[in-house]
file coords.csv (CSV, C-alpha atoms)
chain,number,residue,atom,x,y,z
Q,761,MET,CA,-6.3,12.9,33.9
Q,762,ASN,CA,-9.0,14.7,32.0
Q,763,SER,CA,-7.9,13.2,28.7
Q,764,THR,CA,-8.1,9.8,30.3
Q,765,TYR,CA,-11.7,10.4,31.3
Q,766,ALA,CA,-12.5,11.7,27.8
Q,767,SER,CA,-10.9,8.7,26.1
Q,768,GLN,CA,-12.8,6.4,28.4
Q,769,ALA,CA,-16.1,8.2,27.7
Q,770,THR,CA,-15.5,8.0,24.0
Q,771,GLU,CA,-14.7,4.3,24.2
Q,772,ARG,CA,-17.8,3.7,26.3
Q,773,SER,CA,-20.0,5.5,23.8
Q,774,ARG,CA,-18.4,3.6,20.9
Q,775,PHE,CA,-19.3,0.3,22.7
Q,776,ALA,CA,-22.8,1.5,23.5
Q,777,ARG,CA,-23.7,2.2,19.8
Q,778,PRO,CA,-24.3,-1.4,18.8
Q,779,GLN,CA,-26.6,-1.9,21.8
Q,780,VAL,CA,-28.6,1.2,21.0
Q,781,VAL,CA,-28.9,0.2,17.3
Q,782,SER,CA,-30.0,-3.4,18.2
Q,783,LEU,CA,-32.5,-2.2,20.8
Q,784,LEU,CA,-34.2,0.5,18.7
Q,785,GLY,CA,-36.4,-1.9,16.7
Q,786,PRO,CA,-37.5,-4.1,19.7
Q,787,VAL,CA,-38.2,-1.0,21.8
Q,788,VAL,CA,-40.5,0.4,19.1
Q,789,SER,CA,-42.2,-2.9,18.7
Q,790,ALA,CA,-42.6,-3.2,22.5
Q,791,ALA,CA,-44.1,0.3,22.5
Q,792,GLY,CA,-46.7,-1.0,20.0
Q,793,VAL,CA,-47.5,-4.0,22.2
Q,794,VAL,CA,-47.9,-1.8,25.3
Q,795,TRP,CA,-50.2,0.5,23.3
Q,796,ALA,CA,-52.3,-2.5,22.2
Q,797,ILE,CA,-52.6,-3.6,25.8
Q,798,LEU,CA,-53.5,-0.2,27.1
Q,799,GLN,CA,-56.0,0.5,24.3
Q,800,PRO,CA,-57.2,-3.0,23.1
Q,801,TYR,CA,-60.2,-1.4,21.3
Q,802,ARG,CA,-57.6,0.1,18.8
Q,803,VAL,CA,-56.8,-3.5,17.7
Q,804,THR,CA,-59.8,-4.6,15.6
Q,805,LEU,CA,-58.4,-8.0,15.1
Q,806,LEU,CA,-59.4,-8.8,18.7
Q,807,HIS,CA,-63.0,-8.2,17.7
Q,808,PRO,CA,-63.2,-8.5,13.9
Q,809,ARG,CA,-66.9,-9.2,13.5
Q,810,GLY,CA,-68.7,-6.5,11.6
Q,811,GLN,CA,-65.5,-4.6,10.8
Q,812,GLY,CA,-64.8,-3.2,7.4
Q,813,PHE,CA,-61.7,-3.9,5.3
Q,814,TRP,CA,-59.7,-0.8,6.3
Q,815,TRP,CA,-60.4,-1.3,10.0
Q,816,LEU,CA,-59.0,-4.8,9.8
Q,817,VAL,CA,-55.9,-3.8,7.8
Q,818,ILE,CA,-54.8,-0.5,9.4
Q,819,GLU,CA,-54.5,-0.9,13.2
Q,820,PRO,CA,-52.1,1.7,14.7
Q,821,PRO,CA,-50.5,-0.4,17.5
Q,822,LEU,CA,-49.9,-3.2,15.0
Q,823,LEU,CA,-48.4,-0.7,12.5
Q,824,VAL,CA,-45.9,0.4,15.2
Q,825,VAL,CA,-45.0,-3.3,15.9
Q,826,VAL,CA,-44.5,-3.9,12.2
Q,827,VAL,CA,-42.3,-0.9,11.8
Q,828,GLY,CA,-40.1,-2.1,14.6
Q,829,ILE,CA,-39.8,-5.6,13.2
Q,830,VAL,CA,-39.1,-4.3,9.6
Q,831,PHE,CA,-36.5,-1.9,10.9
Q,832,SER,CA,-34.8,-4.6,13.0
Q,833,VAL,CA,-34.6,-7.1,10.1
Q,834,VAL,CA,-34.0,-4.7,7.1
Q,835,VAL,CA,-31.9,-1.9,8.7
Q,836,ALA,CA,-30.5,-2.8,12.1
Q,837,ARG,CA,-29.2,-6.3,11.4
Q,838,PRO,CA,-26.9,-5.4,8.4
Q,839,LEU,CA,-26.0,-2.1,10.1
Q,840,LEU,CA,-24.7,-4.0,13.1
Q,841,ALA,CA,-22.6,-6.2,10.8
Q,842,ASP,CA,-21.2,-3.1,9.1
Q,843,LEU,CA,-20.5,-1.4,12.5
Q,844,GLU,CA,-18.6,-4.4,13.7
Q,845,GLU,CA,-16.6,-4.5,10.4
Q,846,HIS,CA,-15.8,-0.8,10.7
Q,847,ARG,CA,-14.6,-1.2,14.3
Q,848,ALA,CA,-12.4,-4.2,13.3
Q,849,THR,CA,-10.8,-2.3,10.5
Q,850,SER,CA,-10.3,0.9,12.5
Q,851,ARG,CA,-8.6,-1.0,15.4
W,89,MET,CA,-64.2,1.6,0.2
W,90,GLN,CA,-62.1,4.7,0.9
W,91,PRO,CA,-60.3,4.7,4.2
W,92,ARG,CA,-61.0,7.3,6.8
W,93,ALA,CA,-58.7,10.3,7.1
W,94,GLU,CA,-57.4,9.1,10.4
W,95,MET,CA,-56.3,5.8,8.8
W,96,VAL,CA,-54.3,7.7,6.1
W,97,HIS,CA,-52.6,9.6,9.0
W,98,TRP,CA,-51.7,6.4,10.7
W,99,LEU,CA,-50.2,4.9,7.5
W,100,PHE,CA,-48.1,8.0,6.9
W,101,ALA,CA,-47.1,7.9,10.6
W,102,ALA,CA,-45.7,4.4,10.1
W,103,GLY,CA,-43.6,5.6,7.1
W,104,ILE,CA,-42.5,8.7,9.0
W,105,LEU,CA,-41.6,6.6,12.1
W,106,PHE,CA,-39.5,4.4,9.9
W,107,ILE,CA,-37.7,7.5,8.5
W,108,GLY,CA,-37.1,8.8,12.0
W,109,MET,CA,-35.6,5.5,13.2
W,110,CYS,CA,-33.3,5.5,10.1
W,111,LEU,CA,-32.2,9.0,10.9
W,112,LEU,CA,-31.6,8.2,14.5
W,113,CYS,CA,-29.4,5.2,13.5
W,114,GLU,CA,-27.5,7.4,11.1
W,115,ALA,CA,-26.9,9.9,13.9
W,116,ILE,CA,-25.7,7.1,16.2
W,117,VAL,CA,-23.4,5.2,13.9
W,118,GLY,CA,-22.2,8.1,11.8
W,119,ARG,CA,-22.6,8.8,8.1
W,120,GLU,CA,-19.5,6.8,7.2
W,121,VAL,CA,-20.8,3.5,8.6
W,122,TRP,CA,-24.4,4.3,7.5
W,123,GLN,CA,-23.3,4.6,3.9
W,124,MET,CA,-21.2,1.5,3.8
W,125,ARG,CA,-23.9,-0.3,1.9
W,126,PRO,CA,-25.0,1.6,-1.2
W,127,TRP,CA,-28.7,0.8,-0.8
W,128,ARG,CA,-28.8,2.2,2.7
W,129,LYS,CA,-27.8,5.7,1.8
W,130,TYR,CA,-30.9,5.9,-0.5
W,131,LEU,CA,-33.2,4.4,2.1
W,132,TRP,CA,-34.7,7.3,4.1
W,133,PRO,CA,-34.5,9.9,1.3
W,134,GLY,CA,-36.2,7.3,-1.0
W,135,VAL,CA,-39.0,6.7,1.6
W,136,ALA,CA,-39.4,10.5,2.0
W,137,PHE,CA,-39.7,10.9,-1.7
W,138,GLY,CA,-42.2,8.0,-1.9
W,139,LEU,CA,-44.3,9.5,0.9
W,140,GLY,CA,-44.4,12.7,-1.2
W,141,VAL,CA,-45.6,10.8,-4.2
W,142,CYS,CA,-48.3,9.1,-2.0
W,143,LEU,CA,-49.5,12.5,-0.9
W,144,TRP,CA,-50.8,13.1,-4.4
W,145,PRO,CA,-53.6,10.5,-4.2
W,146,VAL,CA,-54.4,11.9,-0.8
W,147,MET,CA,-54.8,15.3,-2.3
W,148,ALA,CA,-57.0,13.9,-5.1
W,149,PHE,CA,-59.3,11.7,-2.9
W,150,PHE,CA,-59.5,13.6,0.4
W,151,THR,CA,-60.7,16.9,-1.0
W,152,ASN,CA,-62.9,18.1,1.9
W,153,SER,CA,-62.3,21.7,0.7
W,154,ALA,CA,-60.1,23.7,-1.6
W,155,VAL,CA,-57.7,24.6,1.3
W,156,HIS,CA,-57.3,20.8,2.1
W,157,MET,CA,-56.4,20.3,-1.6
W,158,TYR,CA,-53.8,23.1,-1.5
W,159,ALA,CA,-52.3,21.8,1.8
W,160,HIS,CA,-51.9,18.2,0.7
W,161,GLY,CA,-50.6,19.3,-2.7
W,162,SER,CA,-48.0,21.6,-1.1
W,163,TRP,CA,-46.9,18.8,1.2
W,164,ALA,CA,-46.5,16.5,-1.7
W,165,GLU,CA,-44.4,19.0,-3.6
W,166,VAL,CA,-42.1,20.0,-0.8
W,167,LEU,CA,-41.6,16.4,0.4
W,168,MET,CA,-40.8,15.2,-3.1
W,169,LEU,CA,-38.4,18.2,-3.5
W,170,ALA,CA,-36.6,17.6,-0.2
W,171,GLY,CA,-36.5,13.8,-0.7
W,172,GLY,CA,-35.3,14.2,-4.3
W,173,ALA,CA,-32.7,16.7,-3.3
W,174,GLU,CA,-31.4,14.4,-0.6
W,175,LEU,CA,-31.3,11.5,-3.1
W,176,GLY,CA,-29.3,13.7,-5.4
W,177,LEU,CA,-26.9,14.7,-2.6
W,178,VAL,CA,-26.2,11.2,-1.3
W,179,HIS,CA,-25.8,10.0,-4.9
W,180,GLY,CA,-23.3,12.7,-5.6
W,181,ARG,CA,-25.2,14.2,-8.5
W,182,LEU,CA,-25.9,17.3,-6.5
W,183,LYS,CA,-22.9,19.0,-4.8
W,184,SER,CA,-24.0,22.3,-3.3
W,185,ARG,CA,-24.9,22.2,0.4
W,186,TRP,CA,-27.6,24.7,-0.3
W,187,TRP,CA,-29.8,21.9,-1.6
W,188,ARG,CA,-30.2,21.0,2.1
W,189,LEU,CA,-32.3,24.2,2.4
W,190,THR,CA,-35.1,22.1,0.9
W,191,TRP,CA,-35.7,20.5,4.3
W,192,PRO,CA,-36.3,23.7,6.3
W,193,LEU,CA,-38.4,24.9,3.4
W,194,ALA,CA,-40.4,21.7,3.6
W,195,PHE,CA,-40.8,22.1,7.4
W,196,VAL,CA,-42.0,25.7,7.1
W,197,VAL,CA,-44.4,25.0,4.2
W,198,THR,CA,-45.8,21.9,6.0
W,199,GLY,CA,-46.2,23.8,9.3
W,200,LEU,CA,-47.9,26.8,7.6
W,201,ALA,CA,-50.2,24.4,5.7
W,202,PHE,CA,-51.1,22.5,8.8
W,203,ILE,CA,-52.0,25.7,10.7
W,204,ILE,CA,-53.8,27.4,7.8
W,205,HIS,CA,-55.9,24.5,6.7
W,206,GLU,CA,-57.1,23.7,10.3
W,207,GLN,CA,-59.9,26.2,10.7
W,208,ASN,CA,-61.2,25.1,14.1
W,209,PRO,CA,-59.7,26.2,17.4
W,210,TRP,CA,-57.2,24.0,19.4
W,211,PHE,CA,-59.7,22.3,21.7
W,212,PHE,CA,-62.5,21.7,19.1
W,213,ALA,CA,-61.5,18.1,18.8
W,214,ARG,CA,-58.3,16.0,18.9
W,215,SER,CA,-57.7,16.3,15.2
W,216,ALA,CA,-57.9,20.1,15.4
W,217,PHE,CA,-55.5,20.1,18.4
W,218,LEU,CA,-53.0,17.8,16.6
W,219,HIS,CA,-53.2,19.9,13.4
W,220,HIS,CA,-52.2,23.0,15.4
W,221,LEU,CA,-49.6,21.1,17.3
W,222,LEU,CA,-48.1,19.5,14.2
W,223,GLY,CA,-48.0,22.9,12.5
W,224,TRP,CA,-46.2,24.6,15.4
W,225,THR,CA,-43.9,21.6,15.8
W,226,PHE,CA,-42.8,21.9,12.1
W,227,LEU,CA,-42.5,25.6,12.2
W,228,LEU,CA,-40.3,25.7,15.4
W,229,ALA,CA,-38.3,22.6,14.4
W,230,ALA,CA,-37.4,24.1,11.1
W,231,VAL,CA,-34.3,25.6,12.7
W,232,ILE,CA,-32.9,22.1,13.1
W,233,PRO,CA,-32.6,21.2,9.4
W,234,LEU,CA,-31.6,24.9,8.9
W,235,GLY,CA,-28.6,24.2,11.2
W,236,LEU,CA,-27.8,21.0,9.4
W,237,VAL,CA,-27.2,23.1,6.2
W,238,TRP,CA,-24.1,24.6,7.9
W,239,ARG,CA,-23.2,21.6,10.2
W,240,PRO,CA,-24.4,18.5,8.3
W,241,ARG,CA,-22.2,16.1,10.3
W,242,SER,CA,-23.3,17.4,13.8
W,243,PRO,CA,-24.5,14.3,15.7
W,244,VAL,CA,-26.5,16.5,18.0
W,245,LEU,CA,-28.4,18.2,15.2
W,246,GLN,CA,-28.8,14.9,13.4
W,247,ALA,CA,-30.3,13.3,16.5
W,248,CYS,CA,-32.6,16.3,17.1
W,249,PHE,CA,-33.8,16.1,13.5
W,250,ALA,CA,-34.5,12.3,13.9
W,251,LEU,CA,-36.3,12.9,17.2
W,252,THR,CA,-38.4,15.6,15.6
W,253,ILE,CA,-39.5,13.2,12.9
W,254,VAL,CA,-40.3,10.5,15.5
W,255,LEU,CA,-42.3,13.2,17.4
W,256,VAL,CA,-44.3,14.0,14.2
W,257,ALA,CA,-45.0,10.2,13.8
W,258,ILE,CA,-46.3,10.0,17.4
W,259,GLN,CA,-48.6,13.0,16.8
W,260,LEU,CA,-49.9,11.5,13.6
W,261,PHE,CA,-50.5,8.1,15.4
W,262,SER,CA,-52.5,10.0,18.0
W,263,ASP,CA,-54.9,11.5,15.5
W,264,ARG,CA,-58.6,10.5,15.4
W,265,ASP,CA,-61.3,11.9,13.2
W,266,VAL,CA,-63.7,12.6,16.1
W,267,ALA,CA,-62.3,12.2,19.6
W,268,PRO,CA,-61.9,14.4,22.7
W,269,VAL,CA,-58.6,16.1,23.6
W,270,PHE,CA,-58.0,16.6,27.3
W,271,GLY,CA,-61.7,16.1,27.9
W,272,HIS,CA,-62.7,18.7,25.3
W,273,LEU,CA,-64.9,17.9,22.3
W,274,SER,CA,-67.1,20.4,20.6
W,275,PRO,CA,-70.7,19.2,20.0
W,276,LEU,CA,-70.2,20.5,16.5
W,277,ALA,CA,-67.5,17.9,15.8
W,278,GLY,CA,-69.8,15.0,15.8
W,279,THR,CA,-70.1,11.7,17.7
W,280,PRO,CA,-67.0,9.8,18.5
W,281,HIS,CA,-67.2,6.5,16.7
W,282,ARG,CA,-64.8,4.4,18.8
call {"tool": "encode", "arguments": {"input": "coords.csv", "output": "structure tokens"}}
result
Amino acid sequence: MNSTYASQATERSRFARPQVVSLLGPVVSAAGVVWAILQPYRVTLLHPRGQGFWWLVIEPPLLVVVVGIVFSVVVARPLLADLEEHRATSR
Amino acid sequence: MQPRAEMVHWLFAAGILFIGMCLLCEAIVGREVWQMRPWRKYLWPGVAFGLGVCLWPVMAFFTNSAVHMYAHGSWAEVLMLAGGAELGLVHGRLKSRWWRLTWPLAFVVTGLAFIIHEQNPWFFARSAFLHHLLGWTFLLAAVIPLGLVWRPRSPVLQACFALTIVLVAIQLFSDRDVAPVFGHLSPLAGTPHR
């Protein structure tokens, strides 16, 4: 009985992995968007007049959004393909 | 034309957040899947090494005092050492697991440097608070990479390591040059600019 529960739990966690990997980037990007909404004064693009170069380039909430997007495209997408391939070969 | 110190912290926070996400993914999918593509195994050690290289210009251009120069210089050295050792390990050039001791070393040196080079008390301003917090975070969390020396494939330790790195990124993103922390701001700190 216990071994059945254990194998079901292992199987569930195996199926949850792709979801977690695919959600990681969007969740981080969403956190950046929420931060921008909560602290709009941190996004100088919303009020660019009179701002210097660095204030316009480096905006923390947007950096978080960019990291999430880059991670999704560069890391998560090929990793999901590899994860699927690995599961197919190990079946 | 030089960016403010807080902006440099945010840029490094972005790189560190990326490393933390890569580490978290590696912990989730396992090293075998993570290393299925050759470029991916060099990804986060390479970014860590690159951040170490980028700390040298920070050391050169943000020299508020000698102790700042020593702190940034020591971070650059230990981050390059740990990133380089990890690159050697994943490439297979380095074999000994003791090279993984470079990470706890980097954590301890970074933590001590954070605490020593912040000469103001915790509630002086937000930057002082975060310097103390970052220092203690690194010092206490050094046990995690230390544990990874003996159990490098432990998913729990790998996840803890990744979450520590993400926590460091969050703390760096919270940094401001002059801002209150929990309502405290010393009049000696200056006027908040935003």
call {"tool": "residues_around", "arguments": {"input": "coords.csv", "residues": "region 89-98 of chain W", "least_positions_apart": "2", "cutoff": "10 Å", "atoms": "all atoms listed in the file", "output": "count of residues only"}}
result
31
call {"tool": "interface_residues", "arguments": {"input": "coords.csv", "of": "chain Q", "to": "chain W", "cutoff": "10 Å", "atoms": "all atoms listed in the file", "output": "MDAnalysis selection string"}}
result
chainID Q and resid 773:774 776:778 780:782 784:785 788 801:802 812:815 817:828 830:831 834:836 838:840 842:847
call {"tool": "atom_distance", "arguments": {"input": "coords.csv", "atom1": "CA of Glu206 (chain W)", "atom2": "CA of Val231 (chain W)"}}
result
23.0 Å
call {"tool": "atom_distance", "arguments": {"input": "coords.csv", "atom1": "CA of Ser789 (chain Q)", "atom2": "CA of Ile829 (chain Q)"}}
result
6.6 Å
call {"tool": "residues_around", "arguments": {"input": "coords.csv", "residues": "His219 (chain W)", "least_positions_apart": "3", "cutoff": "6 Å", "atoms": "all atoms listed in the file", "output": "list in words"}}
result
Phe202, Ala216 and Leu222 of chain W
call {"tool": "atom_distance", "arguments": {"input": "coords.csv", "atom1": "CA of Pro268 (chain W)", "atom2": "CA of Thr252 (chain W)"}}
result
24.6 Å
call {"tool": "closest_residue", "arguments": {"input": "coords.csv", "among": "W:Phe249, W:Trp191, W:Trp132, W:Phe211", "to": "Pro275 (chain W)", "atoms": "all atoms listed in the file"}}
result
W:Phe211
call {"tool": "closest_residue", "arguments": {"input": "coords.csv", "among": "W:Ala250, W:His179, W:Leu221, W:Val244", "to": "Pro126 (chain W)", "atoms": "only C-alpha atoms"}}
result
W:His179
call {"tool": "residues_near_point", "arguments": {"input": "coords.csv", "point": "(-44.0, 22.6, -1.4)", "cutoff": "10 Å", "atoms": "only C-alpha atoms", "output": "number ranges by chain"}}
result
W: 140, 158-170, 190, 193-198, 201
call {"tool": "closest_residue", "arguments": {"input": "coords.csv", "among": "W:Cys248, W:Ile203, W:Val155, W:Ala213", "to": "Leu273 (chain W)", "atoms": "all atoms listed in the file"}}
result
W:Ala213
call {"tool": "decode", "arguments": {"input": "coords.csv", "residues": "region 798-822 of chain Q", "atoms": "N, CA and C atoms", "output": "PDB file, in the first residue's frame"}}
result
ATOM      1  N   LEU Q 798       2.731  48.468  -8.278  1.00  0.00           N
ATOM      2  CA  LEU Q 798       2.742  48.913  -6.881  1.00  0.00           C
ATOM      3  C   LEU Q 798       3.630  50.144  -6.681  1.00  0.00           C
ATOM      4  N   GLN Q 799       4.736  50.209  -7.437  1.00  0.00           N
ATOM      5  CA  GLN Q 799       5.656  51.342  -7.307  1.00  0.00           C
ATOM      6  C   GLN Q 799       5.921  51.946  -8.692  1.00  0.00           C
ATOM      7  N   PRO Q 800       4.917  52.623  -9.263  1.00  0.00           N
ATOM      8  CA  PRO Q 800       5.098  53.138 -10.638  1.00  0.00           C
ATOM      9  C   PRO Q 800       6.227  54.160 -10.752  1.00  0.00           C
ATOM     10  N   TYR Q 801       6.571  54.813  -9.630  1.00  0.00           N
ATOM     11  CA  TYR Q 801       7.665  55.800  -9.698  1.00  0.00           C
ATOM     12  C   TYR Q 801       9.015  55.157  -9.941  1.00  0.00           C
ATOM     13  N   ARG Q 802       9.104  53.806  -9.784  1.00  0.00           N
ATOM     14  CA  ARG Q 802      10.361  53.117 -10.076  1.00  0.00           C
ATOM     15  C   ARG Q 802      10.550  52.913 -11.580  1.00  0.00           C
ATOM     16  N   VAL Q 803       9.455  53.108 -12.365  1.00  0.00           N
ATOM     17  CA  VAL Q 803       9.547  52.940 -13.821  1.00  0.00           C
ATOM     18  C   VAL Q 803       9.635  54.325 -14.437  1.00  0.00           C
ATOM     19  N   THR Q 804      10.845  54.762 -14.738  1.00  0.00           N
ATOM     20  CA  THR Q 804      11.045  56.133 -15.217  1.00  0.00           C
ATOM     21  C   THR Q 804      10.536  56.324 -16.642  1.00  0.00           C
ATOM     22  N   LEU Q 805      10.302  55.207 -17.357  1.00  0.00           N
ATOM     23  CA  LEU Q 805       9.755  55.342 -18.713  1.00  0.00           C
ATOM     24  C   LEU Q 805       8.347  55.940 -18.674  1.00  0.00           C
ATOM     25  N   LEU Q 806       7.678  55.832 -17.534  1.00  0.00           N
ATOM     26  CA  LEU Q 806       6.327  56.395 -17.411  1.00  0.00           C
ATOM     27  C   LEU Q 806       6.368  57.918 -17.276  1.00  0.00           C
ATOM     28  N   HIS Q 807       7.502  58.446 -16.892  1.00  0.00           N
ATOM     29  CA  HIS Q 807       7.656  59.906 -16.763  1.00  0.00           C
ATOM     30  C   HIS Q 807       9.094  60.264 -17.153  1.00  0.00           C
ATOM     31  N   PRO Q 808       9.407  60.126 -18.456  1.00  0.00           N
ATOM     32  CA  PRO Q 808      10.806  60.187 -18.891  1.00  0.00           C
ATOM     33  C   PRO Q 808      11.405  61.597 -18.946  1.00  0.00           C
ATOM     34  N   ARG Q 809      10.557  62.617 -18.897  1.00  0.00           N
ATOM     35  CA  ARG Q 809      11.082  63.986 -19.084  1.00  0.00           C
ATOM     36  C   ARG Q 809      12.065  64.347 -17.965  1.00  0.00           C
ATOM     37  N   GLY Q 810      13.225  64.814 -18.382  1.00  0.00           N
ATOM     38  CA  GLY Q 810      14.224  65.277 -17.420  1.00  0.00           C
ATOM     39  C   GLY Q 810      15.045  64.163 -16.786  1.00  0.00           C
ATOM     40  N   GLN Q 811      14.835  62.928 -17.211  1.00  0.00           N
ATOM     41  CA  GLN Q 811      15.596  61.820 -16.629  1.00  0.00           C
ATOM     42  C   GLN Q 811      16.913  61.628 -17.381  1.00  0.00           C
ATOM     43  N   GLY Q 812      17.937  61.222 -16.648  1.00  0.00           N
ATOM     44  CA  GLY Q 812      19.227  60.956 -17.267  1.00  0.00           C
ATOM     45  C   GLY Q 812      19.253  59.597 -17.946  1.00  0.00           C
ATOM     46  N   PHE Q 813      20.371  59.329 -18.623  1.00  0.00           N
ATOM     47  CA  PHE Q 813      20.510  58.087 -19.388  1.00  0.00           C
ATOM     48  C   PHE Q 813      20.306  56.843 -18.510  1.00  0.00           C
ATOM     49  N   TRP Q 814      21.004  56.776 -17.386  1.00  0.00           N
ATOM     50  CA  TRP Q 814      20.961  55.566 -16.567  1.00  0.00           C
ATOM     51  C   TRP Q 814      19.584  55.338 -15.951  1.00  0.00           C
ATOM     52  N   TRP Q 815      18.906  56.430 -15.593  1.00  0.00           N
ATOM     53  CA  TRP Q 815      17.556  56.282 -15.019  1.00  0.00           C
ATOM     54  C   TRP Q 815      16.588  55.700 -16.038  1.00  0.00           C
ATOM     55  N   LEU Q 816      16.859  55.984 -17.333  1.00  0.00           N
ATOM     56  CA  LEU Q 816      15.961  55.461 -18.368  1.00  0.00           C
ATOM     57  C   LEU Q 816      16.309  54.028 -18.761  1.00  0.00           C
ATOM     58  N   VAL Q 817      17.577  53.668 -18.574  1.00  0.00           N
ATOM     59  CA  VAL Q 817      18.007  52.330 -19.000  1.00  0.00           C
ATOM     60  C   VAL Q 817      17.796  51.296 -17.900  1.00  0.00           C
ATOM     61  N   ILE Q 818      18.132  51.668 -16.670  1.00  0.00           N
ATOM     62  CA  ILE Q 818      18.075  50.681 -15.574  1.00  0.00           C
ATOM     63  C   ILE Q 818      16.873  50.950 -14.685  1.00  0.00           C
ATOM     64  N   GLU Q 819      15.828  50.151 -14.899  1.00  0.00           N
ATOM     65  CA  GLU Q 819      14.608  50.302 -14.118  1.00  0.00           C
ATOM     66  C   GLU Q 819      14.289  48.945 -13.499  1.00  0.00           C
ATOM     67  N   PRO Q 820      14.429  48.818 -12.169  1.00  0.00           N
ATOM     68  CA  PRO Q 820      14.374  47.497 -11.529  1.00  0.00           C
ATOM     69  C   PRO Q 820      13.168  46.625 -11.907  1.00  0.00           C
ATOM     70  N   PRO Q 821      11.924  47.140 -11.894  1.00  0.00           N
ATOM     71  CA  PRO Q 821      10.812  46.241 -12.257  1.00  0.00           C
ATOM     72  C   PRO Q 821      10.934  45.710 -13.685  1.00  0.00           C
ATOM     73  N   LEU Q 822      11.430  46.582 -14.590  1.00  0.00           N
ATOM     74  CA  LEU Q 822      11.576  46.128 -15.975  1.00  0.00           C
ATOM     75  C   LEU Q 822      12.708  45.120 -16.099  1.00  0.00           C
TER      76      LEU Q 822
END
